[in-house]
Each structure stands twice: as C-alpha cells, then as structure tokens.
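coords_25.txt (compact mmCIF, C-alpha atoms and all ligand atoms)
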```txt
# COMPACT_ATOMS: atom_id res chain seq x y z
CA MET H 1 51.93 8.94 11.01
CA ALA H 2 51.64 12.52 12.08
CA LEU H 3 49.25 13.20 14.91
CA ILE H 4 47.68 16.03 13.01
CA ASP H 5 47.31 15.91 9.26
CA LYS H 6 46.45 18.76 6.95
CA VAL H 7 43.91 17.95 4.28
CA PRO H 8 45.72 18.36 0.93
CA GLY H 9 44.77 21.54 -0.88
CA GLU H 10 44.35 25.21 -0.17
CA LEU H 11 42.32 24.90 3.03
CA LYS H 12 43.69 25.14 6.56
CA LEU H 13 41.71 22.06 7.44
CA HIS H 14 43.20 19.38 9.66
CA ILE H 15 42.21 15.98 10.88
CA GLY H 16 43.39 13.99 13.87
CA GLY H 17 42.54 11.73 16.76
CA LEU H 18 42.04 12.31 20.46
CA PHE H 19 45.75 12.54 21.22
CA THR H 20 46.08 15.43 18.79
CA LEU H 21 44.45 17.63 21.40
CA ARG H 22 47.38 17.20 23.77
CA ARG H 23 49.89 18.33 21.16
CA LYS H 24 49.70 22.01 22.00
CA GLU H 25 52.73 22.88 19.92
CA ALA H 26 51.35 21.23 16.81
CA LEU H 27 48.00 22.93 17.24
CA LYS H 28 49.68 26.27 17.68
CA GLU H 29 51.86 25.72 14.66
CA ALA H 30 48.78 24.97 12.57
CA ASN H 31 47.13 28.09 14.00
CA ILE H 32 44.07 26.09 15.01
CA THR H 33 41.17 28.32 16.08
CA HIS H 34 38.24 25.90 15.66
CA VAL H 35 37.96 22.34 16.93
CA LEU H 36 35.18 20.01 15.87
CA SER H 37 34.90 16.90 18.09
CA VAL H 38 33.00 14.02 16.53
CA LEU H 39 32.62 11.61 19.40
CA ARG H 40 30.35 10.88 22.29
CA PHE H 41 32.90 11.03 25.03
CA THR H 42 33.79 14.64 25.72
CA PRO H 43 37.39 15.08 26.73
CA ASP H 44 38.48 17.53 29.37
CA GLU H 45 36.77 20.84 28.57
CA LYS H 46 39.89 22.77 29.58
CA LEU H 47 41.58 21.48 26.47
CA PHE H 48 39.22 23.61 24.43
CA ASN H 49 39.50 26.88 26.31
CA SER H 50 41.36 28.64 23.58
CA PHE H 51 39.25 27.34 20.71
CA ARG H 52 35.81 27.68 19.26
CA HIS H 53 34.49 24.22 19.96
CA MET H 54 31.67 22.14 18.49
CA VAL H 55 30.78 18.61 19.57
CA VAL H 56 28.79 16.11 17.51
CA GLU H 57 27.98 13.24 19.84
CA VAL H 58 28.07 10.10 17.74
CA ASP H 59 29.61 6.67 18.07
CA ASP H 60 31.59 4.99 15.35
CA VAL H 61 28.86 2.52 14.49
CA GLU H 62 27.23 1.95 11.14
CA ASP H 63 23.70 2.85 12.16
CA GLU H 64 24.63 6.17 13.73
CA ASN H 65 22.98 9.04 11.85
CA LEU H 66 25.82 11.39 11.00
CA LEU H 67 24.13 12.61 7.82
CA GLN H 68 21.75 14.88 9.73
CA HIS H 69 24.73 16.83 11.10
CA PHE H 70 26.51 17.57 7.81
CA PRO H 71 24.97 21.02 7.25
CA SER H 72 25.97 22.22 10.73
CA THR H 73 29.45 20.67 10.67
CA ASN H 74 30.02 22.19 7.23
CA ASN H 75 28.99 25.60 8.52
CA PHE H 76 31.25 25.32 11.53
CA ILE H 77 34.24 24.35 9.40
CA GLN H 78 33.54 27.11 6.88
CA ASP H 79 33.21 29.70 9.68
CA GLY H 80 36.60 28.68 11.01
CA LEU H 81 38.23 28.88 7.59
CA ASP H 82 36.57 32.22 6.87
CA GLY H 83 38.06 33.56 10.08
CA GLY H 84 41.52 32.90 8.71
CA GLY H 85 42.58 30.30 11.27
CA GLY H 86 42.97 26.57 11.08
CA VAL H 87 40.22 24.04 11.74
CA LEU H 88 40.79 20.67 13.38
CA VAL H 89 38.24 17.89 12.99
CA HIS H 90 38.92 14.98 15.31
CA CYS H 91 37.34 11.83 16.67
CA ALA H 92 39.02 9.09 18.69
CA MET H 93 41.34 7.72 16.03
CA GLY H 94 40.97 10.19 13.17
CA LYS H 95 39.83 7.34 11.01
CA SER H 96 36.07 7.03 10.54
CA ARG H 97 33.89 9.72 12.13
CA SER H 98 36.18 12.71 11.60
CA ALA H 99 37.00 11.50 8.09
CA THR H 100 33.28 11.31 7.29
CA VAL H 101 32.71 14.89 8.42
CA VAL H 102 35.72 16.15 6.45
CA ILE H 103 34.62 14.26 3.34
CA ALA H 104 31.10 15.74 3.62
CA PHE H 105 32.67 19.19 3.77
CA LEU H 106 34.91 18.60 0.75
CA MET H 107 31.96 17.19 -1.22
CA ALA H 108 29.80 20.24 -0.55
CA LYS H 109 32.61 22.69 -1.19
CA TYR H 110 34.07 21.20 -4.35
CA HIS H 111 31.09 19.24 -5.70
CA ILE H 112 33.06 16.03 -5.73
CA SER H 113 31.98 12.46 -5.01
CA PRO H 114 32.59 10.68 -1.69
CA SER H 115 35.30 8.51 -3.23
CA GLU H 116 37.07 11.51 -4.75
CA ALA H 117 36.99 13.30 -1.40
CA LEU H 118 38.21 10.19 0.43
CA ALA H 119 41.08 9.79 -2.05
CA GLN H 120 42.08 13.41 -1.47
CA LEU H 121 41.97 12.94 2.30
CA ARG H 122 43.98 9.72 2.17
CA GLN H 123 46.86 11.50 0.47
CA ALA H 124 47.50 13.06 3.85
CA ARG H 125 46.10 10.36 6.10
CA PRO H 126 46.00 6.91 4.49
CA MET H 127 44.29 5.34 7.49
CA CYS H 128 41.06 7.31 6.91
CA GLU H 129 38.20 4.92 6.39
CA PRO H 130 34.60 5.80 7.21
CA ASN H 131 32.62 2.76 8.34
CA SER H 132 30.26 1.31 5.74
CA GLY H 133 27.19 2.99 7.22
CA PHE H 134 28.90 6.39 6.99
CA MET H 135 30.00 5.69 3.41
CA GLU H 136 26.38 4.97 2.56
CA GLN H 137 25.31 8.24 4.20
CA LEU H 138 27.92 10.12 2.21
CA SER H 139 26.64 8.67 -1.03
CA ILE H 140 23.07 9.61 -0.08
CA TYR H 141 24.33 13.12 0.69
CA TYR H 142 25.94 13.15 -2.75
CA GLN H 143 22.77 11.87 -4.37
CA MET H 144 20.90 14.68 -2.63
CA GLN H 145 23.48 17.17 -4.00
CA THR H 146 24.66 18.27 -0.55
CA PRO H 147 21.65 20.45 0.36
CA GLU H 148 21.78 22.97 3.19
CA ASN H 149 18.62 21.49 4.58
CA VAL H 150 19.03 17.74 4.80
CA GLU H 151 16.04 16.91 6.95
CA GLU H 152 13.42 18.26 4.57
CA ASN H 153 14.88 16.43 1.60
CA PRO H 154 12.69 13.53 0.38
CA VAL H 155 15.74 11.35 -0.23
CA TYR H 156 16.74 11.80 3.41
CA GLN H 157 13.21 11.20 4.66
CA ARG H 158 12.98 8.01 2.66
CA TRP H 159 16.26 6.83 4.10
CA VAL H 160 15.05 7.58 7.64
CA TYR H 161 11.87 5.63 6.95
CA GLN H 162 13.84 2.66 5.64
CA ARG H 163 16.03 2.70 8.75
CA GLU H 164 12.89 2.76 10.87
CA VAL H 165 11.44 -0.25 9.07
CA GLU H 166 14.75 -2.07 9.43
CA LEU H 167 14.86 -1.30 13.14
CA SER H 168 11.33 -2.52 13.83
CA ARG H 169 11.99 -5.59 11.71
CA ALA H 170 15.00 -6.40 13.87
CA CYS H 171 12.66 -6.25 16.88
CA GLY H 172 10.10 -8.45 15.12
CA GLN H 173 7.56 -5.64 14.99
CA ALA H 174 5.64 -3.64 12.44
CA PRO H 175 6.73 -0.01 12.17
CA GLU H 176 4.73 2.46 14.24
CA ALA H 177 1.78 3.92 12.36
CA GLU H 178 3.11 7.48 12.36
CA LYS H 179 6.49 6.33 11.09
CA ILE H 180 5.14 4.71 7.94
CA ARG H 181 5.91 6.81 4.90
CA PHE H 182 3.06 6.75 2.41
CA GLU H 183 5.07 7.61 -0.63
CA ASP H 184 2.22 9.04 -2.73
CA GLU H 185 1.58 11.68 -0.07
CA HIS H 186 5.07 13.06 -0.60
CA ALA H 187 5.31 12.62 -4.33
CA ASP H 188 6.64 15.27 -6.61
CA SER H 189 3.59 16.15 -8.67
CA GLN H 190 5.81 17.07 -11.62
CA LYS H 191 6.94 13.50 -11.93
CA GLN H 192 4.81 11.59 -14.39
CA ALA H 193 3.88 7.98 -14.23
CA ASP H 194 4.47 5.73 -17.24
CA PHE H 195 1.64 3.45 -16.37
CA GLU H 196 -0.63 2.59 -13.52
CA LEU H 197 -1.95 -0.55 -11.95
CA ARG H 198 -5.73 -0.70 -11.84
CA CYS H 199 -8.00 -3.07 -10.05
CA ARG H 200 -9.12 -5.58 -12.68
CA LYS H 201 -12.59 -5.67 -11.24
CA CYS H 202 -13.49 -2.03 -10.57
CA ARG H 203 -10.74 -0.09 -12.41
CA ARG H 204 -9.69 1.82 -9.29
CA THR H 205 -6.06 2.97 -9.67
CA LEU H 206 -4.01 1.09 -7.09
CA ALA H 207 -0.49 2.25 -7.90
CA MET H 208 1.37 4.49 -10.31
CA SER H 209 4.53 3.10 -11.86
CA GLN H 210 6.82 5.43 -9.88
CA PHE H 211 5.81 3.68 -6.67
CA LEU H 212 6.95 0.26 -7.81
CA VAL H 213 9.84 -1.30 -5.91
CA ASP H 214 12.19 -3.12 -8.25
CA HIS H 215 13.76 -6.42 -7.42
CA LYS H 216 15.91 -8.73 -9.50
CA PRO H 217 14.37 -12.12 -10.08
CA ARG H 218 16.55 -14.54 -8.16
CA THR H 219 17.16 -16.85 -11.11
CA PHE H 220 18.70 -14.00 -13.07
CA GLN H 221 21.29 -13.14 -10.45
CA SER H 222 24.90 -14.09 -10.94
CA ASP H 223 25.51 -15.27 -7.40
CA GLN H 224 26.76 -18.82 -7.91
CA THR H 225 25.18 -20.20 -4.79
CA GLU H 226 21.75 -19.24 -5.96
CA ILE H 227 21.80 -20.79 -9.38
CA GLN H 228 19.46 -23.70 -9.46
CA THR H 229 17.01 -24.96 -11.96
CA PRO H 230 13.76 -23.26 -11.12
CA PRO H 231 10.48 -25.07 -11.52
CA ALA H 232 8.77 -24.13 -14.75
CA GLY H 233 7.48 -20.58 -14.49
CA ALA H 234 9.34 -19.88 -11.28
CA SER H 235 11.32 -17.11 -12.89
CA LEU H 236 8.17 -15.11 -13.43
CA CYS H 237 7.25 -12.52 -10.89
CA ALA H 238 3.60 -12.90 -10.07
CA HIS H 239 3.58 -9.73 -8.00
CA TYR H 240 4.36 -6.10 -8.19
CA PHE H 241 6.03 -4.77 -5.08
CA VAL H 242 5.11 -1.22 -4.18
CA ASP H 243 5.76 1.50 -1.61
CA PRO H 244 3.19 2.07 1.12
CA LEU H 245 0.36 4.05 -0.52
CA SER H 246 -2.31 6.10 1.20
CA TRP H 247 -5.20 3.75 0.35
CA MET H 248 -3.42 1.08 2.44
CA ARG H 249 -3.40 3.34 5.50
CA PRO H 250 -6.28 1.69 7.40
CA GLU H 251 -4.65 -1.71 7.01
CA LEU H 252 -0.99 -0.80 7.53
CA GLU H 253 -1.67 1.38 10.55
CA GLN H 254 -3.05 -1.53 12.52
CA GLY H 255 0.47 -2.52 13.46
CA LYS H 256 0.17 -6.06 12.17
CA LEU H 257 3.29 -7.80 10.88
CA ASP H 258 1.52 -9.02 7.78
CA GLY H 259 -1.90 -9.12 6.22
CA ARG H 260 -4.01 -8.81 3.10
CA LEU H 261 -4.73 -5.79 0.99
CA GLU H 262 -8.19 -5.13 -0.40
CA CYS H 263 -9.06 -2.78 -3.21
CA PRO H 264 -10.45 0.28 -1.36
CA LYS H 265 -13.35 0.52 -3.82
CA CYS H 266 -14.63 -2.99 -4.56
CA LYS H 267 -12.97 -4.79 -1.61
CA THR H 268 -11.47 -7.47 -3.83
CA ASN H 269 -8.36 -9.04 -2.38
CA VAL H 270 -5.57 -7.52 -4.50
CA GLY H 271 -2.42 -8.24 -2.58
CA LYS H 272 -0.67 -8.75 0.71
CA TYR H 273 2.10 -7.29 2.82
CA ALA H 274 4.73 -8.56 5.22
CA TRP H 275 7.06 -6.17 7.01
CA GLN H 276 9.58 -8.91 7.57
CA GLY H 277 9.56 -9.59 3.84
CA MET H 278 8.21 -12.24 1.53
CA LYS H 279 9.49 -14.42 -1.24
CA CYS H 280 8.37 -13.47 -4.71
CA SER H 281 7.40 -16.29 -7.04
CA CYS H 282 10.78 -15.75 -8.72
CA ASN H 283 12.39 -16.89 -5.44
CA GLU H 284 13.80 -13.50 -4.50
CA TRP H 285 13.14 -12.12 -1.03
CA VAL H 286 11.73 -8.63 -0.93
CA VAL H 287 11.99 -6.77 2.38
CA PRO H 288 9.73 -5.21 3.42
CA ALA H 289 7.16 -6.55 1.00
CA ILE H 290 3.94 -4.90 -0.09
CA SER H 291 2.72 -6.83 -3.07
CA ILE H 292 -0.02 -6.44 -5.62
CA SER H 293 -0.92 -9.62 -7.43
CA LYS H 294 -0.51 -9.29 -11.19
CA SER H 295 -3.56 -11.47 -11.69
CA ARG H 296 -5.75 -8.90 -9.90
CA ILE H 297 -4.72 -5.80 -11.81
CA ASP H 298 -4.41 -4.42 -15.31
CA GLU H 299 -1.55 -2.24 -16.39
CA VAL H 300 -2.84 0.88 -18.03
CA LYS H 301 -0.85 3.61 -19.68
CA SER H 302 -1.03 6.58 -17.39
CA ARG H 303 -3.41 9.42 -18.12
CA THR H 304 -0.75 11.87 -17.01
CA GLY H 305 1.67 10.19 -19.38
CA VAL H 306 1.68 10.71 -23.12
CA GLY H 307 -1.81 12.05 -23.68
CA ALA H 308 -5.48 11.68 -22.91
CA ASP H 309 -6.16 9.73 -26.11
CA VAL H 310 -4.50 6.62 -24.72
CA ALA H 311 -6.20 6.77 -21.35
CA GLY H 312 -7.79 3.56 -20.31
CA ILE H 313 -6.44 1.51 -23.19
CA ARG H 314 -4.87 -1.67 -22.03
CA ARG H 315 -1.47 -2.13 -23.57
CA PRO H 316 -0.11 -5.46 -24.74
CA PRO H 317 2.26 -6.86 -22.13
CA ALA H 318 5.36 -6.65 -24.34
CA ALA H 319 4.97 -2.90 -24.76
CA LEU H 320 5.12 -2.40 -21.02
CA ALA H 321 8.64 -3.68 -20.60
CA SER H 322 11.16 -0.88 -20.47
CA PRO H 323 14.91 -1.58 -20.48
CA ASN H 324 15.47 -0.75 -16.81
CA ARG H 325 12.91 -3.16 -15.50
CA GLY H 326 13.55 -6.72 -14.48
CA PRO H 327 13.13 -9.43 -17.06
CA GLY H 328 10.25 -10.86 -15.07
CA THR H 329 8.05 -7.87 -15.69
CA GLN H 330 7.75 -8.81 -19.31
CA ASN H 331 5.71 -11.79 -18.37
CA LEU H 332 2.25 -11.04 -17.19
ZN ZN H 401 10.10 -11.65 -8.48
ZN ZN H 402 -11.48 -2.83 -7.08
```
As structure tokens:
Amino acid sequence: MALIDKVPGELKLHIGGLFTLRRKEALKEANITHVLSVLRFTPDEKLFNSFRHMVVEVDDVEDENLLQHFPSTNNFIQDGLDGGGGVLVHCAMGKSRSATVVIAFLMAKYHISPSEALAQLRQARPMCEPNSGFMEQLSIYYQMQTPENVEENPVYQRWVYQREVELSRACGQAPEAEKIRFEDEHADSQKQADFELRCRKCRRTLAMSQFLVDHKPRTFQSDQTEIQTPPAGASLCAHYFVDPLSWMRPELEQGKLDGRLECPKCKTNVGKYAWQGMKCSCNEWVVPAISISKSRIDEVKSRTGVGADVAGIRRPPAALASPNRGPGTQNL
C-alpha cells in the first residue's frame, strides 16, 4: 500500500494517513499545497509550514458529527484544486475519517451516491471504509442533495434531534425542552396531508398524516426469531405513532420520561408518550413513542387534500390504506 494515494480521476486529490506527512518527497512529487487533517490530535505544526492547512477535530467514532463539516471541507478541497496544486486529506490511518471527507467531496462534485464515491476511492485505496455512523451521515448528505448550508436543512435538523433523543435516552432522561423538535412548526406548508386524525369527541385536529411515524408490525417482519403466533388481534396496531406536535408542548416540555396526552380542546385522554419507547399492540417497539389511540380519533380526509367538498366526511377504513403503509393500518 502506498502511503499516499491519488483519488482516481482528473483531480489532484490525495488521501493518506498520519505517516504520509513525514514523506516529504512524496508530498513534493504530488505537488501538495493544501493539507486537510481530519483528526483530533494535531501533529507537529512545523510539518504544515509549507502548506495551507485545515484541521477538523473529530474522532473516528460513529456518533461524531462529521456531516456538519462537509460544506467547509468541500470548499477547502476545491480551493486547493482551483489553485492548481494537489490536496491531501488525511486522518490517522487514511481509512475512515479522511475517506468520509473525500467521499462527501466527490458526491457534491459529481452528484454521485456514497457507494459510488466509495467504490471510486477504493480503486486507489482498498482499505477505505468509513465507520457505520459516517456512512449514515453520507447517505443523509446525499438525501439532502449535498447543500452548501447543511445546518439549516430540515433533514439535518431532524437528524440532530433524533441524535439528541437517542443521547438522552441512553442517560435515562427525557430530552431537554428546547431540544424537542415540534415537527409541525417546521413543516413545509406546500406539503399536503392526505388525511388527518381528529379527536373523536370534539373534532379538534390532532395530527396530519405527514406527521405519522411508520413502524412495521412485528408479526409481519421476516426476522425468524420474532415469528410467533400472536394472540388474536395482536397484529393490529391500536395506535398511531406521531412526531412531537406543538399542541403537546405543555406536556412534553415538563421533562417527564413518559405520560399521557390530552386533547388540547376537550381534555379527553387521546394518547400517551414514552421517550424510552413503548410496545405497540402489534408487539413492535417504537422508540421514542408518541402514540394516539385509534379508538379516540377519527381519520378524516384532509381539507388541504383533494378539495373542500370532502372536508369532514369520514372515510371507510379500507379507503385509508395506501400501499406504503403498514398492513396494520388497514384495521381500525
Ligand atoms: Zn403496531
Ligand atoms: Zn377533543
């Protein structure tokens, strides 16, 4: 294995590990002008005297947020290439962190997927293998279409919120009030709901269909270990699981691990929540879980949907099932 590898293609982009920095001849040969260090430990500064140098201080661990740095690392790499010299991206081994940064650059530049970029990189350096957390971040970056502003992207913000919930869950705590993302306060108003869930008693709209969290009923999963004969009716989901919504704010901001949800208008008990998750009646765990009981709501075709003439008309249950929803949703 070479200590410094050139990414296949037209670019003077190179990848390596820590030892690459000591190979002065190789760096000179590759006409390196820019060095991007992706590691927390900063090697001897003197090594970088003759280069433009950028450091991204991250560890090679799955929960490190490297995604937030992609726009700035991409800019640094592009600046170096525009200047006509070579760019070296390195971490400790030239395996995970540096590979992730190079892949993000290739994705943004060529509009290719993470796996395509990784395959291209591996032609030169077969050992490249971003850790699974970084691979996930790359696919989120791809899903976001490699924007120049990552942090204002709703997909990114949602991911940050989910990490936050996961972190507090690991500590056995509810997420901090200001960290809870009430999805309907960030919603794209252009996006139309198919149907909404209304309080059966007072008709107050409790959730629009785009805020439903899907889960696969456990008895329909192929995992061998989980196949068991469910009690009659156990395959039915008795709940809808939803994102945090602004009407839940007074309850969710109390910092409790779990509790009940009342309709904000008529105060009927309509559901419950548990940050550490709960088991649906279909046996599947949903984490975190904010549930609305199907027996307390009616599904109503959305007013913003197909037209005002259908507003308020309760649809027969069968008509509500769309192909991408779990089988359990057909059973009310
Ligand atoms: Zn279920
Ligand atoms: Zn109500």
Distance query Arg122 (chain H) at most 12 Å, all atoms listed in the file, self and fewer than 4 positions along chain excluded, as a JSON list (two decimals) with C-alpha atoms, in the coordinates of the input:
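In the end it all went to selection_7.json:
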```json
[["chain", "number", "residue", "atom", "x", "y", "z"],
["H", 1, "MET", "CA", 51.93, 8.94, 11.01],
["H", 5, "ASP", "CA", 47.31, 15.91, 9.26],
["H", 6, "LYS", "CA", 46.45, 18.76, 6.95],
["H", 7, "VAL", "CA", 43.91, 17.95, 4.28],
["H", 8, "PRO", "CA", 45.72, 18.36, 0.93],
["H", 15, "ILE", "CA", 42.21, 15.98, 10.88],
["H", 94, "GLY", "CA", 40.97, 10.19, 13.17],
["H", 95, "LYS", "CA", 39.83, 7.34, 11.01],
["H", 96, "SER", "CA", 36.07, 7.03, 10.54],
["H", 99, "ALA", "CA", 37.00, 11.50, 8.09],
["H", 100, "THR", "CA", 33.28, 11.31, 7.29],
["H", 102, "VAL", "CA", 35.72, 16.15, 6.45],
["H", 103, "ILE", "CA", 34.62, 14.26, 3.34],
["H", 115, "SER", "CA", 35.30, 8.51, -3.23],
["H", 116, "GLU", "CA", 37.07, 11.51, -4.75],
["H", 117, "ALA", "CA", 36.99, 13.30, -1.40],
["H", 118, "LEU", "CA", 38.21, 10.19, 0.43],
["H", 126, "PRO", "CA", 46.00, 6.91, 4.49],
["H", 127, "MET", "CA", 44.29, 5.34, 7.49],
["H", 128, "CYS", "CA", 41.06, 7.31, 6.91],
["H", 129, "GLU", "CA", 38.20, 4.92, 6.39],
["H", 130, "PRO", "CA", 34.60, 5.80, 7.21]]
```
All residues 9 Å or closer to region 137-147 of chain H, all atoms listed in the file, same chain fewer than 6 positions away omitted, as a PyMOL selection string: chain H and resi 65-67+70-71+100+103-104+107-108+111-115+153-156+159
Best match for closeness to ligand ZN 401 (chain H) among H:Ala238, H:Ile290, H:Val270, H:Leu245, counting only C-alpha atoms and all ligand atoms: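 For ligand ZN 401 (chain H), the nearest of the candidates is H:Ala238.
Around ligand ZN 402 (chain H), using only C-alpha atoms and all ligand atoms and a cut-off of 10 Å, the residues in contact are Arg198, Cys199, Arg200, Lys201, Cys202, Arg203, Arg204, Thr205, Leu206, Glu262, Cys263, Pro264, Lys265, Cys266, Lys267, Thr268, Asn269, Val270, Arg296 and Ile297 of chain H.
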Neighbourhood of ligand ZN 401 (chain H) at 7 Å, counting only C-alpha atoms and all ligand atoms, reported as a PyMOL selection string: chain H and resi 215-217+236-239+280-284+328
Which residue of H:Lys109, H:Arg158, H:Arg181, H:Lys24 approaches Leu11 (chain H) most closely, using all atoms listed in the file: H:Lys109
CA of Val38 (chain H) to CA of Val150 (chain H), distance in Å rounded to a single decimal: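 Result for CA of Val38 (chain H) versus CA of Val150 (chain H): 18.6 Å, one decimal.
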CA of Glu64 (chain H) to CA of Tyr273 (chain H), straight-line distance in Å: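 Straight-line distance from CA of Tyr273 (chain H) to CA of Glu64 (chain H) works out to 28.4 Å.
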d(CA of Arg249 (chain H), CA of Asp194 (chain H)) in Å: 24.2 Å
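Residue nearest Phe195 (chain H) within the list H:Gln157, H:Leu18, H:Phe134, H:Lys301: H:Lys301 [criterion: smallest interatomic distance, all atoms listed in the file].
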For Ser50 (chain H): contacts at 12 Å, all atoms listed in the file, fewer than 3 positions along chain excluded, given as a ChimeraX atom specification: /H:21,24,27-28,31-35,45-47,53
Selection near Ala170 (chain H), 9 Å with all atoms listed in the file, sequence-local residues under 4 positions removed, as a list in words: Val165, Glu166 and Gln276 of chain H
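Closest to Phe41 (chain H) among H:Asp82, H:Glu25, H:Asp60, H:Glu185 is H:Asp60, based on all atoms listed in the file.
Shortest separation to Thr42 (chain H) among H:His90, H:Gly83, H:Ile77, H:Val101 occurs at residue H:His90, atoms counted being all atoms listed in the file.
By chain and then residue number, the residues within 8 Å of Glu176 (chain H) are Ala174, Glu178, Lys179, Ile180, Glu253 and Gly255 of chain H, counting all atoms listed in the file and disregarding those fewer than 2 positions away in sequence.
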Option closest in space to Cys171 (chain H), from H:Phe105, H:Arg22, H:Met248, H:Leu257 [counting all atoms listed in the file]: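 The answer is H:Leu257, which sits nearest to Cys171 (chain H).
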